[in-house]
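Have a look at query-v7.cif; it's mmCIF, C-alpha atoms and all ligand atoms:
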```
data_model
loop_
_atom_site.label_atom_id
_atom_site.label_comp_id
_atom_site.auth_asym_id
_atom_site.auth_seq_id
_atom_site.Cartn_x
_atom_site.Cartn_y
_atom_site.Cartn_z
CA MET A 27 196.45 14.50 1.32
CA LYS A 28 197.15 17.71 -0.61
CA VAL A 29 194.50 20.38 -0.12
CA LEU A 30 193.85 23.63 -2.00
CA VAL A 31 191.90 26.43 -0.30
CA VAL A 32 190.47 29.06 -2.65
CA GLY A 33 190.31 32.63 -1.30
CA GLY A 34 192.44 34.99 0.74
CA GLY A 35 190.52 36.48 3.66
CA GLY A 36 189.90 35.81 7.34
CA ARG A 37 187.58 32.91 6.57
CA GLU A 38 190.21 31.24 4.41
CA HIS A 39 192.90 31.73 7.06
CA THR A 40 190.54 29.99 9.50
CA LEU A 41 189.97 27.12 7.05
CA VAL A 42 193.73 26.71 6.56
CA TRP A 43 194.30 26.80 10.35
CA LYS A 44 191.63 24.13 10.86
CA LEU A 45 192.89 21.91 8.02
CA LYS A 46 196.40 22.19 9.39
CA GLN A 47 195.17 20.32 12.50
CA SER A 48 194.01 17.33 10.46
CA PRO A 49 196.33 14.32 10.60
CA ARG A 50 195.10 13.51 7.08
CA VAL A 51 196.52 16.69 5.53
CA THR A 52 200.14 16.70 4.38
CA GLU A 53 200.29 19.89 2.33
CA ILE A 54 198.09 22.99 2.04
CA PHE A 55 198.02 25.46 -0.84
CA CYS A 56 195.97 28.66 -0.80
CA ALA A 57 195.07 30.86 -3.79
CA PRO A 58 195.71 33.71 -3.39
CA GLY A 59 196.06 33.63 0.43
CA ASN A 60 197.52 36.49 2.50
CA ALA A 61 200.48 37.18 4.80
CA GLY A 62 199.02 35.21 7.73
CA ILE A 63 198.04 32.25 5.58
CA ALA A 64 201.58 32.21 4.16
CA ARG A 65 202.83 31.09 7.59
CA GLN A 66 200.72 27.92 7.45
CA ALA A 67 200.32 27.14 3.75
CA THR A 68 201.93 27.72 0.39
CA CYS A 69 200.28 30.76 -1.17
CA VAL A 70 199.77 30.70 -4.92
CA LYS A 71 199.36 33.90 -6.93
CA ILE A 72 196.04 33.01 -8.58
CA SER A 73 192.86 35.02 -8.07
CA ALA A 74 189.96 33.17 -6.40
CA GLU A 75 187.89 33.96 -9.49
CA ASP A 76 190.30 32.66 -12.13
CA ILE A 77 188.75 29.21 -12.52
CA PRO A 78 190.85 28.04 -15.51
CA ALA A 79 194.10 28.89 -13.69
CA LEU A 80 192.90 27.24 -10.46
CA LEU A 81 191.95 24.11 -12.38
CA ALA A 82 195.30 23.97 -14.17
CA PHE A 83 197.09 24.39 -10.83
CA ALA A 84 195.04 21.65 -9.12
CA LYS A 85 195.75 19.23 -11.98
CA ASP A 86 199.43 20.10 -12.08
CA LYS A 87 199.90 19.59 -8.32
CA ALA A 88 197.57 16.58 -8.16
CA ILE A 89 195.48 18.25 -5.46
CA ASP A 90 193.34 15.69 -3.62
CA LEU A 91 190.70 18.05 -2.30
CA THR A 92 189.78 21.68 -3.00
CA LEU A 93 187.78 23.83 -0.57
CA VAL A 94 186.23 27.07 -1.83
CA GLY A 95 185.89 30.02 0.58
CA PRO A 96 184.09 32.82 -1.28
CA GLU A 97 180.81 32.81 -3.20
CA ALA A 98 181.94 34.27 -6.54
CA PRO A 99 183.78 31.17 -7.85
CA LEU A 100 180.93 28.94 -6.62
CA THR A 101 178.23 30.90 -8.43
CA ALA A 102 180.50 30.96 -11.49
CA GLY A 103 180.62 27.14 -11.50
CA ILE A 104 184.05 26.20 -10.12
CA VAL A 105 182.63 22.98 -8.64
CA ASP A 106 181.17 21.87 -11.98
CA GLU A 107 184.48 22.55 -13.76
CA PHE A 108 186.60 20.68 -11.23
CA GLN A 109 184.23 17.72 -11.17
CA ALA A 110 184.16 17.55 -14.97
CA ALA A 111 187.95 17.24 -14.79
CA GLY A 112 187.66 14.43 -12.23
CA LEU A 113 188.88 16.51 -9.27
CA LYS A 114 187.40 16.42 -5.76
CA ILE A 115 186.04 19.77 -4.64
CA PHE A 116 183.87 20.79 -1.69
CA GLY A 117 180.98 23.18 -2.37
CA PRO A 118 177.68 23.47 -4.25
CA SER A 119 177.37 23.32 -8.03
CA ARG A 120 176.66 26.45 -10.02
CA ALA A 121 172.94 25.59 -10.19
CA ALA A 122 172.69 25.00 -6.43
CA ALA A 123 174.75 28.14 -5.67
CA GLU A 124 172.08 30.24 -7.37
CA ILE A 125 170.37 30.56 -3.97
CA GLU A 126 173.07 33.13 -3.19
CA GLY A 127 173.83 34.24 -6.76
CA SER A 128 170.27 35.35 -7.44
CA LYS A 129 168.08 36.82 -4.72
CA VAL A 130 165.12 36.46 -7.11
CA TYR A 131 165.75 32.71 -7.43
CA ALA A 132 166.14 32.39 -3.64
CA LYS A 133 162.82 34.16 -3.04
CA GLU A 134 161.04 32.12 -5.71
CA ILE A 135 162.17 28.75 -4.41
CA MET A 136 161.30 29.76 -0.82
CA ALA A 137 157.83 30.85 -2.00
CA ARG A 138 157.27 27.60 -3.94
CA TYR A 139 158.16 25.41 -0.96
CA GLY A 140 156.64 27.50 1.82
CA ILE A 141 159.92 28.44 3.52
CA PRO A 142 159.36 31.41 5.88
CA THR A 143 160.83 34.67 4.58
CA ALA A 144 159.82 38.33 4.11
CA GLY A 145 157.03 39.06 1.61
CA TYR A 146 158.41 40.42 -1.68
CA ALA A 147 157.92 41.61 -5.25
CA VAL A 148 160.35 41.47 -8.20
CA PHE A 149 160.86 44.17 -10.83
CA THR A 150 162.73 44.46 -14.10
CA SER A 151 161.53 48.01 -14.79
CA PRO A 152 162.51 50.95 -12.55
CA GLU A 153 159.22 52.75 -13.37
CA GLU A 154 157.16 49.81 -12.17
CA ALA A 155 159.31 49.42 -9.06
CA SER A 156 158.88 53.13 -8.22
CA ALA A 157 155.13 53.00 -8.71
CA TYR A 158 154.84 49.88 -6.55
CA ILE A 159 156.82 51.43 -3.67
CA GLN A 160 154.82 54.65 -3.95
CA LYS A 161 151.69 52.57 -3.37
CA SER A 162 152.92 49.94 -0.89
CA GLY A 163 154.87 52.50 1.17
CA VAL A 164 157.85 52.42 3.52
CA PRO A 165 159.69 50.98 5.39
CA CYS A 166 160.88 48.47 2.82
CA VAL A 167 164.09 46.71 1.84
CA LEU A 168 165.51 46.95 -1.69
CA LYS A 169 167.94 44.35 -3.00
CA ALA A 170 169.87 44.04 -6.23
CA ASP A 171 169.26 40.54 -7.61
CA GLY A 172 172.89 39.49 -8.17
CA LEU A 173 176.08 39.38 -6.11
CA ALA A 174 177.12 42.78 -4.75
CA ALA A 175 179.68 41.90 -2.04
CA GLY A 176 177.08 42.42 0.68
CA LYS A 177 176.44 46.01 -0.43
CA GLY A 178 173.40 45.62 -2.71
CA VAL A 179 170.84 45.81 0.12
CA ILE A 180 169.25 49.11 1.08
CA ILE A 181 166.87 49.52 4.01
CA ALA A 182 164.55 52.44 3.30
CA ASN A 183 162.69 54.06 6.16
CA ASP A 184 161.45 56.97 4.04
CA MET A 185 160.13 57.32 0.49
CA ALA A 186 163.05 59.48 -0.74
CA THR A 187 165.58 56.80 0.27
CA ALA A 188 163.47 54.08 -1.35
CA GLN A 189 163.14 55.95 -4.64
CA ALA A 190 166.84 56.86 -4.63
CA ALA A 191 167.65 53.16 -4.11
CA VAL A 192 165.59 52.16 -7.16
CA LYS A 193 167.58 54.68 -9.21
CA SER A 194 170.92 53.62 -7.74
CA ILE A 195 170.34 49.89 -8.28
CA MET A 196 168.37 49.82 -11.54
CA VAL A 197 169.14 53.02 -13.44
CA ASP A 198 172.67 54.04 -12.38
CA ARG A 199 173.59 50.36 -11.99
CA ASP A 200 175.80 51.08 -9.00
CA PHE A 201 176.11 47.31 -8.49
CA GLY A 202 176.50 46.56 -12.20
CA GLU A 203 174.47 43.79 -13.80
CA ALA A 204 173.39 42.64 -10.32
CA GLY A 205 170.84 45.46 -10.60
CA ALA A 206 169.07 44.21 -13.73
CA ARG A 207 166.37 42.90 -11.41
CA LEU A 208 165.22 44.36 -8.11
CA VAL A 209 163.63 42.64 -5.12
CA VAL A 210 161.48 44.83 -2.87
CA GLU A 211 160.92 43.19 0.50
CA GLU A 212 158.94 43.66 3.66
CA LEU A 213 161.16 44.89 6.54
CA LEU A 214 161.57 42.20 9.19
CA THR A 215 162.27 43.07 12.81
CA GLY A 216 163.88 41.05 15.58
CA GLU A 217 167.41 39.79 16.18
CA GLU A 218 169.64 38.27 13.50
CA VAL A 219 171.38 34.91 13.73
CA SER A 220 173.49 32.90 11.29
CA ILE A 221 172.90 29.17 11.13
CA LEU A 222 175.34 27.29 8.96
CA ALA A 223 174.95 23.61 8.20
CA PHE A 224 176.82 20.83 6.43
CA THR A 225 174.74 18.95 3.90
CA ASP A 226 175.33 16.16 1.41
CA GLY A 227 172.03 16.85 -0.33
CA ASP A 228 170.00 14.59 1.96
CA THR A 229 171.25 14.87 5.53
CA VAL A 230 171.52 18.31 7.13
CA VAL A 231 173.79 18.83 10.15
CA PRO A 232 173.61 22.35 11.62
CA MET A 233 176.77 23.85 13.13
CA VAL A 234 176.78 25.88 16.35
CA SER A 235 174.83 29.10 15.84
CA SER A 236 176.60 32.43 15.47
CA GLN A 237 175.90 36.13 15.21
CA ASP A 238 177.57 38.59 12.87
CA HIS A 239 177.88 42.35 13.50
CA LYS A 240 177.27 43.88 10.08
CA ARG A 241 177.28 47.60 10.86
CA ALA A 242 180.57 49.45 11.05
CA TYR A 243 180.17 51.10 14.46
CA ASP A 244 179.10 50.22 18.01
CA HIS A 245 175.38 49.80 18.77
CA ASP A 246 174.77 48.73 15.15
CA GLU A 247 175.32 52.20 13.76
CA GLY A 248 177.01 53.25 10.53
CA PRO A 249 177.12 51.59 7.13
CA ASN A 250 176.81 47.85 6.42
CA THR A 251 180.12 45.99 6.15
CA GLY A 252 181.14 42.44 5.35
CA GLY A 253 181.03 41.88 9.13
CA MET A 254 182.93 43.54 11.99
CA GLY A 255 182.93 40.58 14.35
CA ALA A 256 181.03 37.46 15.34
CA TYR A 257 180.54 35.10 18.22
CA ALA A 258 179.27 31.58 18.75
CA PRO A 259 177.05 30.11 20.04
CA ALA A 260 174.36 32.83 19.85
CA PRO A 261 171.86 32.74 22.76
CA VAL A 262 169.14 34.19 20.45
CA CYS A 263 169.21 30.74 18.89
CA THR A 264 167.34 28.95 21.68
CA PRO A 265 166.76 25.20 21.33
CA GLU A 266 163.31 26.01 19.92
CA VAL A 267 164.68 28.45 17.34
CA ALA A 268 167.37 25.93 16.35
CA LEU A 269 164.77 23.19 15.92
CA ARG A 270 162.45 25.41 13.89
CA ALA A 271 165.33 26.70 11.73
CA THR A 272 166.33 23.12 10.96
CA GLU A 273 162.84 21.75 10.36
CA GLU A 274 161.15 24.74 8.74
CA ILE A 275 164.09 26.21 6.81
CA LEU A 276 167.27 24.16 6.33
CA ILE A 277 165.79 20.71 5.66
CA PRO A 278 162.96 22.02 3.42
CA MET A 279 165.46 24.11 1.44
CA VAL A 280 167.83 21.19 0.86
CA ARG A 281 164.87 18.98 -0.15
CA ALA A 282 163.53 21.72 -2.43
CA LEU A 283 166.86 22.07 -4.20
CA LYS A 284 167.04 18.32 -4.73
CA ALA A 285 163.47 18.30 -6.08
CA GLU A 286 164.45 21.05 -8.52
CA GLY A 287 167.37 18.97 -9.82
CA ARG A 288 169.95 21.16 -8.05
CA THR A 289 171.18 18.81 -5.31
CA TYR A 290 173.13 20.89 -2.79
CA ARG A 291 176.39 19.62 -1.28
CA GLY A 292 178.60 21.73 0.94
CA VAL A 293 177.95 24.38 3.57
CA ILE A 294 174.58 26.11 3.46
CA TYR A 295 174.29 29.35 5.43
CA ALA A 296 170.92 30.68 6.53
CA GLY A 297 170.90 34.33 7.62
CA LEU A 298 167.79 34.55 9.79
CA MET A 299 165.72 37.18 11.57
CA VAL A 300 164.26 35.84 14.80
CA SER A 301 161.13 37.41 16.26
CA GLY A 302 159.82 35.70 19.39
CA GLN A 303 160.88 32.10 18.65
CA ALA A 304 160.07 32.30 14.93
CA PRO A 305 162.94 32.41 12.42
CA LYS A 306 162.52 33.87 8.91
CA VAL A 307 165.10 33.87 6.13
CA LEU A 308 166.91 37.11 5.28
CA GLU A 309 169.30 35.43 2.87
CA PHE A 310 170.99 32.19 1.97
CA ASN A 311 174.74 31.98 1.38
CA VAL A 312 176.50 29.02 -0.18
CA ARG A 313 179.68 28.92 1.94
CA PHE A 314 181.06 29.59 5.39
CA GLY A 315 180.36 33.11 6.67
CA ASP A 316 183.14 35.61 7.13
CA PRO A 317 183.66 36.38 10.05
CA GLU A 318 181.30 33.65 11.38
CA ALA A 319 183.75 30.92 10.29
CA GLN A 320 186.34 32.23 12.76
CA PRO A 321 184.36 31.49 15.98
CA VAL A 322 182.37 28.57 14.54
CA LEU A 323 185.39 26.60 13.31
CA SER A 324 187.23 27.47 16.54
CA LEU A 325 184.56 25.43 18.31
CA LEU A 326 184.61 22.48 15.89
CA GLU A 327 186.21 19.51 17.60
CA SER A 328 185.97 17.08 14.67
CA ASP A 329 188.33 16.84 11.72
CA LEU A 330 187.04 19.08 8.91
CA VAL A 331 188.49 16.73 6.29
CA GLU A 332 186.41 13.81 7.63
CA ILE A 333 183.28 15.96 7.38
CA MET A 334 184.06 17.16 3.85
CA GLU A 335 184.65 13.60 2.68
CA ALA A 336 181.38 12.42 4.23
CA VAL A 337 179.58 15.26 2.40
CA LEU A 338 181.20 14.37 -0.93
CA GLU A 339 180.45 10.67 -0.50
CA GLY A 340 176.84 11.18 0.64
CA ARG A 341 177.32 9.61 4.06
CA LEU A 342 176.92 12.58 6.37
CA ASP A 343 174.32 10.56 8.32
CA GLN A 344 177.04 8.11 9.31
CA ILE A 345 179.45 10.45 11.09
CA ASP A 346 179.31 12.16 14.44
CA ILE A 347 180.30 15.83 14.39
CA LYS A 348 181.63 17.06 17.74
CA TRP A 349 181.70 20.63 19.07
CA LYS A 350 183.53 22.12 22.02
CA ASN A 351 181.19 23.07 24.83
CA GLN A 352 182.71 26.57 24.91
CA ALA A 353 182.20 30.02 23.41
CA SER A 354 184.28 31.88 20.87
CA ILE A 355 184.40 35.44 19.54
CA CYS A 356 186.16 37.20 16.71
CA VAL A 357 186.81 40.96 16.77
CA VAL A 358 187.65 42.41 13.35
CA LEU A 359 190.33 45.12 13.20
CA ALA A 360 189.58 47.32 10.19
CA SER A 361 191.23 50.13 8.25
CA LYS A 362 189.98 53.68 8.77
CA GLY A 363 187.44 54.43 6.04
CA TYR A 364 186.22 50.85 5.55
CA PRO A 365 183.65 49.94 4.14
CA GLY A 366 184.36 53.00 1.99
CA ALA A 367 187.80 53.96 0.64
CA TYR A 368 190.80 53.26 2.88
CA GLU A 369 194.59 53.38 2.71
CA LYS A 370 196.77 50.27 2.48
CA GLY A 371 200.36 49.50 3.37
CA LYS A 372 200.26 50.45 7.08
CA VAL A 373 202.73 48.46 9.17
CA ILE A 374 201.04 46.21 11.76
CA TYR A 375 202.69 46.07 15.20
CA GLY A 376 202.23 43.66 18.09
CA LEU A 377 201.27 40.56 16.12
CA ASP A 378 203.74 38.35 17.93
CA GLU A 379 202.73 39.56 21.38
CA THR A 380 199.33 37.84 21.54
CA PRO A 381 199.01 34.96 24.02
CA GLY A 382 199.08 31.40 22.69
CA ASP A 383 195.39 30.66 23.12
CA ILE A 384 194.34 33.63 20.98
CA THR A 385 194.34 33.21 17.23
CA VAL A 386 194.83 36.26 15.05
CA PHE A 387 193.37 35.38 11.67
CA HIS A 388 194.61 37.58 8.84
CA ALA A 389 192.04 39.03 6.44
CA GLY A 390 193.67 41.87 4.49
CA THR A 391 197.42 41.66 5.06
CA ALA A 392 200.52 41.46 2.90
CA GLU A 393 204.24 41.18 3.49
CA LYS A 394 206.44 44.10 2.47
CA ASP A 395 210.16 44.36 3.16
CA GLY A 396 209.91 41.72 5.87
CA GLN A 397 207.05 43.46 7.66
CA ILE A 398 203.34 42.63 7.78
CA VAL A 399 201.28 45.51 6.37
CA THR A 400 197.58 46.19 5.82
CA SER A 401 196.18 45.40 2.37
CA GLY A 402 192.42 45.36 2.88
CA GLY A 403 189.46 46.97 4.67
CA ARG A 404 189.11 44.13 7.13
CA VAL A 405 192.67 43.49 8.27
CA LEU A 406 192.68 40.99 11.16
CA GLY A 407 190.22 38.88 13.13
CA VAL A 408 191.32 38.48 16.75
CA THR A 409 189.65 35.27 17.88
CA ALA A 410 189.44 33.90 21.42
CA THR A 411 187.75 30.86 22.88
CA GLY A 412 186.77 30.50 26.52
CA PRO A 413 184.39 28.67 28.84
CA ASP A 414 181.61 31.18 28.11
CA ILE A 415 180.92 34.37 26.12
CA PRO A 416 182.06 36.85 28.84
CA ALA A 417 185.37 34.99 29.21
CA ALA A 418 185.91 34.86 25.45
CA ILE A 419 185.10 38.57 25.10
CA SER A 420 187.52 39.57 27.81
CA LYS A 421 190.34 37.46 26.33
CA ALA A 422 189.78 38.76 22.80
CA TYR A 423 189.75 42.45 23.77
CA THR A 424 192.85 42.05 25.94
CA ALA A 425 194.65 40.66 22.88
CA VAL A 426 193.28 43.44 20.64
CA GLU A 427 195.05 46.00 22.85
CA GLN A 428 198.43 44.51 21.89
CA ILE A 429 197.92 45.18 18.18
CA ARG A 430 198.14 48.50 16.42
CA PHE A 431 198.40 50.03 12.97
CA GLU A 432 197.73 53.52 11.69
CA GLY A 433 193.99 54.06 11.23
CA MET A 434 193.01 50.84 13.03
CA TYR A 435 189.39 50.78 14.21
CA TYR A 436 187.12 48.11 15.65
CA ARG A 437 183.83 47.66 17.41
CA ARG A 438 183.98 47.50 21.19
CA ASP A 439 180.63 45.76 21.58
CA ILE A 440 181.11 42.40 19.85
CA GLY A 441 179.10 39.87 21.84
CA GLN A 442 177.13 42.52 23.74
CA LYS A 443 173.76 41.16 22.57
CA ALA A 444 174.63 37.78 24.08
CA LEU A 445 175.48 39.46 27.42
CA ASN A 446 172.22 41.41 27.33
CA ARG A 447 170.29 38.15 27.12
CA SER A 448 171.93 36.46 30.07
P1 LIG A 501 171.34 40.26 2.97
O1 LIG A 501 172.59 40.45 2.15
O2 LIG A 501 170.13 39.91 2.17
O3 LIG A 501 171.53 39.41 4.19
O4 LIG A 501 171.09 41.66 3.64
C1 LIG A 501 172.09 42.29 4.41
C2 LIG A 501 171.51 42.77 5.71
O5 LIG A 501 170.39 43.62 5.48
C3 LIG A 501 170.96 41.65 6.58
O6 LIG A 501 171.94 41.05 7.36
C4 LIG A 501 169.97 42.42 7.44
O7 LIG A 501 170.64 43.12 8.46
C5 LIG A 501 169.41 43.41 6.47
N1 LIG A 501 168.17 42.90 5.83
C6 LIG A 501 168.08 42.22 4.67
N2 LIG A 501 166.80 41.93 4.39
C7 LIG A 501 166.06 42.41 5.39
C8 LIG A 501 164.66 42.42 5.69
N3 LIG A 501 163.77 41.89 4.87
N4 LIG A 501 164.27 43.00 6.85
C9 LIG A 501 165.18 43.57 7.68
N5 LIG A 501 166.50 43.61 7.46
C10 LIG A 501 166.94 43.03 6.32
N1 LIG A 502 179.17 37.56 7.44
C1 LIG A 502 178.24 37.55 6.38
C2 LIG A 502 178.62 36.73 5.24
O1 LIG A 502 179.58 35.97 5.27
O2 LIG A 502 177.93 36.79 4.24
#
```

What is this structure when it is put down as structure tokens?
Amino acid sequence: MKVLVVGGGGREHTLVWKLKQSPRVTEIFCAPGNAGIARQATCVKISAEDIPALLAFAKDKAIDLTLVGPEAPLTAGIVDEFQAAGLKIFGPSRAAAEIEGSKVYAKEIMARYGIPTAGYAVFTSPEEASAYIQKSGVPCVLKADGLAAGKGVIIANDMATAQAAVKSIMVDRDFGEAGARLVVEELLTGEEVSILAFTDGDTVVPMVSSQDHKRAYDHDEGPNTGGMGAYAPAPVCTPEVALRATEEILIPMVRALKAEGRTYRGVIYAGLMVSGQAPKVLEFNVRFGDPEAQPVLSLLESDLVEIMEAVLEGRLDQIDIKWKNQASICVVLASKGYPGAYEKGKVIYGLDETPGDITVFHAGTAEKDGQIVTSGGRVLGVTATGPDIPAAISKAYTAVEQIRFEGMYYRRDIGQKALNRS
């Protein structure tokens, strides 16, 4: 089977690595890929957002199955276009992907079907938004409606920040058209957890839980990033939390989407805030998380191709998905300055010195004059699996010490919340 993976970050390297283990897969292409992916697949110079070029490539190479990593092509309708051309592709349709593409739509569907989430109000006028916040007060959370690469969310603890956020999102349009509508939300407190699930539109099979580390610096300080590390499973997701997340959130959401004529097939990602044993939705994503995919797929025992086929054929209830009874963590090595401006082209040393049971997933790397250099804010994801979280942490950080590039920084406390609980 010939497979095409769309995207070029750490998540996509993990998908390629996992697909490579499938006896069903004969050839893997990745568009656009990166320097690490190039060691395991054929990279194709097509942007993940260039749907016509991806479609032409898939037809030309007679690709049997396409797997989409990032959200942008999904919300732009890549699945609909491939299916219309008779090609097999894994992921939700454009209509179903709106639960990530529009925060207003996500809040509305949750409200209609009683899915637990923060209270909210929606605005199309900055004056009305300002007046509402003035009255309802702070703290509050302000979110641009559309996709903003994880940056369109501002947590305001004081009125000046809240009012500045209204201006930034709606008037200055710092996130472009994503800011045409604004969601103002109640601030939730507790501990975050990511629960991803496979679904064929009827059956929902949750994966092992995971926890992202969104802030740039240790102890959850500094600006929000795409994610500086993750581990799985997450002890905050007790059996009761897992059960409630499945029964009160994931299953109702998949049923709701079907009822609305937007049947969801693919990976559904619920970003949750857990207080006590009660989970509430912070956001839905329509794909694997990055960096959650790195530890989660490291623990997946089953063949990913078998699961994807069961999803596409609507028989997810007939397969048994197996997980390793272990723990896994991913530590992201980032470029100085990220998530703001950073320099590229720094030579990466020590990549070949990591022990065999550690996987270094590439996120933002390129090859230049025979050397691997940095080409993104998140550069590498050092991922280790062990019998438990402490063992995985110790292995991962030992491997991190072997790698260096100018301006490299990383969090030293990935997994700490899991240790604090045990
Ligand atoms: P989102 O992209 O909606 O997940 O928001 C990014 C991050 O902002 C989340 O991972 C949370 O850390 C935080 N966040 C979003 N919404 C809320 C909320 N209602 N209460 C508290 N924190 C939130
Ligand atoms: N790690 C957060 C995300 O993938 O959206």

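Residues with any atom within 10 Å of Val209 of chain A, counting all atoms listed in the file and excluding same-chain neighbours fewer than 6 positions away, are Lys129, Val130, Lys133, Tyr146, Ala147, Val148, Phe149, Thr150, Ala155, Val167, Leu168, Lys169, Ala170, Asp171, Val179 and Val192 of chain A.
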
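Based on all atoms listed in the file, the protein and nucleic acid residues found within 6 Å of ligand LIG 501 (chain A) are, by chain and then by number, Ala144, Val167, Gly176, Val179, Glu211, Glu212, Leu213, Leu214, Thr215, Leu308 and Glu309 of chain A.
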
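Of the listed residues A:Thr264, A:Ala98, A:Val32, A:Met334, the one whose atoms come nearest to Lys114 of chain A is A:Met334, with distances taken using all atoms listed in the file.
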
(Q) Could you list the protein, DNA and RNA residues that have any atom within 10 Å of ligand LIG 502 (chain A), counting only C-alpha atoms and all ligand atoms, and write them as a ChimeraX atom specification? (A) /A:37,95-97,126,175-176,220,236-240,251-256,295-297,309-319

Q.
Please list as a ChimeraX atom specification every residue within 10 Å of segment 53-66 of chain A, counting all atoms listed in the file and excluding residues in the same chain fewer than 5 positions away.
A. /A:27-36,38-43,45-46,71-76,80,83-84,87,89,91-94,386-394,397-401,406

Can I get the selection written as a CSV table (one decimal), in the frame of the given file, with C-alpha atoms?
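Once written, again-v3.csv looks like this:
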```
chain,number,residue,atom,x,y,z
A,27,MET,CA,196.4,14.5,1.3
A,28,LYS,CA,197.2,17.7,-0.6
A,29,VAL,CA,194.5,20.4,-0.1
A,30,LEU,CA,193.8,23.6,-2.0
A,31,VAL,CA,191.9,26.4,-0.3
A,32,VAL,CA,190.5,29.1,-2.6
A,33,GLY,CA,190.3,32.6,-1.3
A,34,GLY,CA,192.4,35.0,0.7
A,35,GLY,CA,190.5,36.5,3.7
A,36,GLY,CA,189.9,35.8,7.3
A,38,GLU,CA,190.2,31.2,4.4
A,39,HIS,CA,192.9,31.7,7.1
A,40,THR,CA,190.5,30.0,9.5
A,41,LEU,CA,190.0,27.1,7.0
A,42,VAL,CA,193.7,26.7,6.6
A,43,TRP,CA,194.3,26.8,10.4
A,45,LEU,CA,192.9,21.9,8.0
A,46,LYS,CA,196.4,22.2,9.4
A,71,LYS,CA,199.4,33.9,-6.9
A,72,ILE,CA,196.0,33.0,-8.6
A,73,SER,CA,192.9,35.0,-8.1
A,74,ALA,CA,190.0,33.2,-6.4
A,75,GLU,CA,187.9,34.0,-9.5
A,76,ASP,CA,190.3,32.7,-12.1
A,80,LEU,CA,192.9,27.2,-10.5
A,83,PHE,CA,197.1,24.4,-10.8
A,84,ALA,CA,195.0,21.6,-9.1
A,87,LYS,CA,199.9,19.6,-8.3
A,89,ILE,CA,195.5,18.2,-5.5
A,91,LEU,CA,190.7,18.0,-2.3
A,92,THR,CA,189.8,21.7,-3.0
A,93,LEU,CA,187.8,23.8,-0.6
A,94,VAL,CA,186.2,27.1,-1.8
A,386,VAL,CA,194.8,36.3,15.0
A,387,PHE,CA,193.4,35.4,11.7
A,388,HIS,CA,194.6,37.6,8.8
A,389,ALA,CA,192.0,39.0,6.4
A,390,GLY,CA,193.7,41.9,4.5
A,391,THR,CA,197.4,41.7,5.1
A,392,ALA,CA,200.5,41.5,2.9
A,393,GLU,CA,204.2,41.2,3.5
A,394,LYS,CA,206.4,44.1,2.5
A,397,GLN,CA,207.0,43.5,7.7
A,398,ILE,CA,203.3,42.6,7.8
A,399,VAL,CA,201.3,45.5,6.4
A,400,THR,CA,197.6,46.2,5.8
A,401,SER,CA,196.2,45.4,2.4
A,406,LEU,CA,192.7,41.0,11.2
```

Q: State, in Å with one decimal place, the distance from atom CA of Arg430 of chain A to atom CA of Thr385 of chain A.
A: 15.8 Å

Q. Mind pulling up the distance from atom CA of Val164 of chain A to atom CA of Ala182 of chain A?
A. 6.7 Å

Q.
With all atoms listed in the file as the counted atoms, please give the residues lying no more than 12 Å from Asp228 of chain A, apart from itself and same-chain residues fewer than 3 positions off, as a ChimeraX atom specification.
A. /A:224-225,231,276-285,288-292,336-343

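Atom CA of Pro321 of chain A to atom CA of Cys263 of chain A spans 15.4 Å [interatomic distance, one decimal].
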
Q: Would you mind telling me which residue in A:Ala444, A:Ile125, A:Ala206, A:Ile374 lies nearest to Val219 of chain A when using all atoms listed in the file?
A: A:Ala444
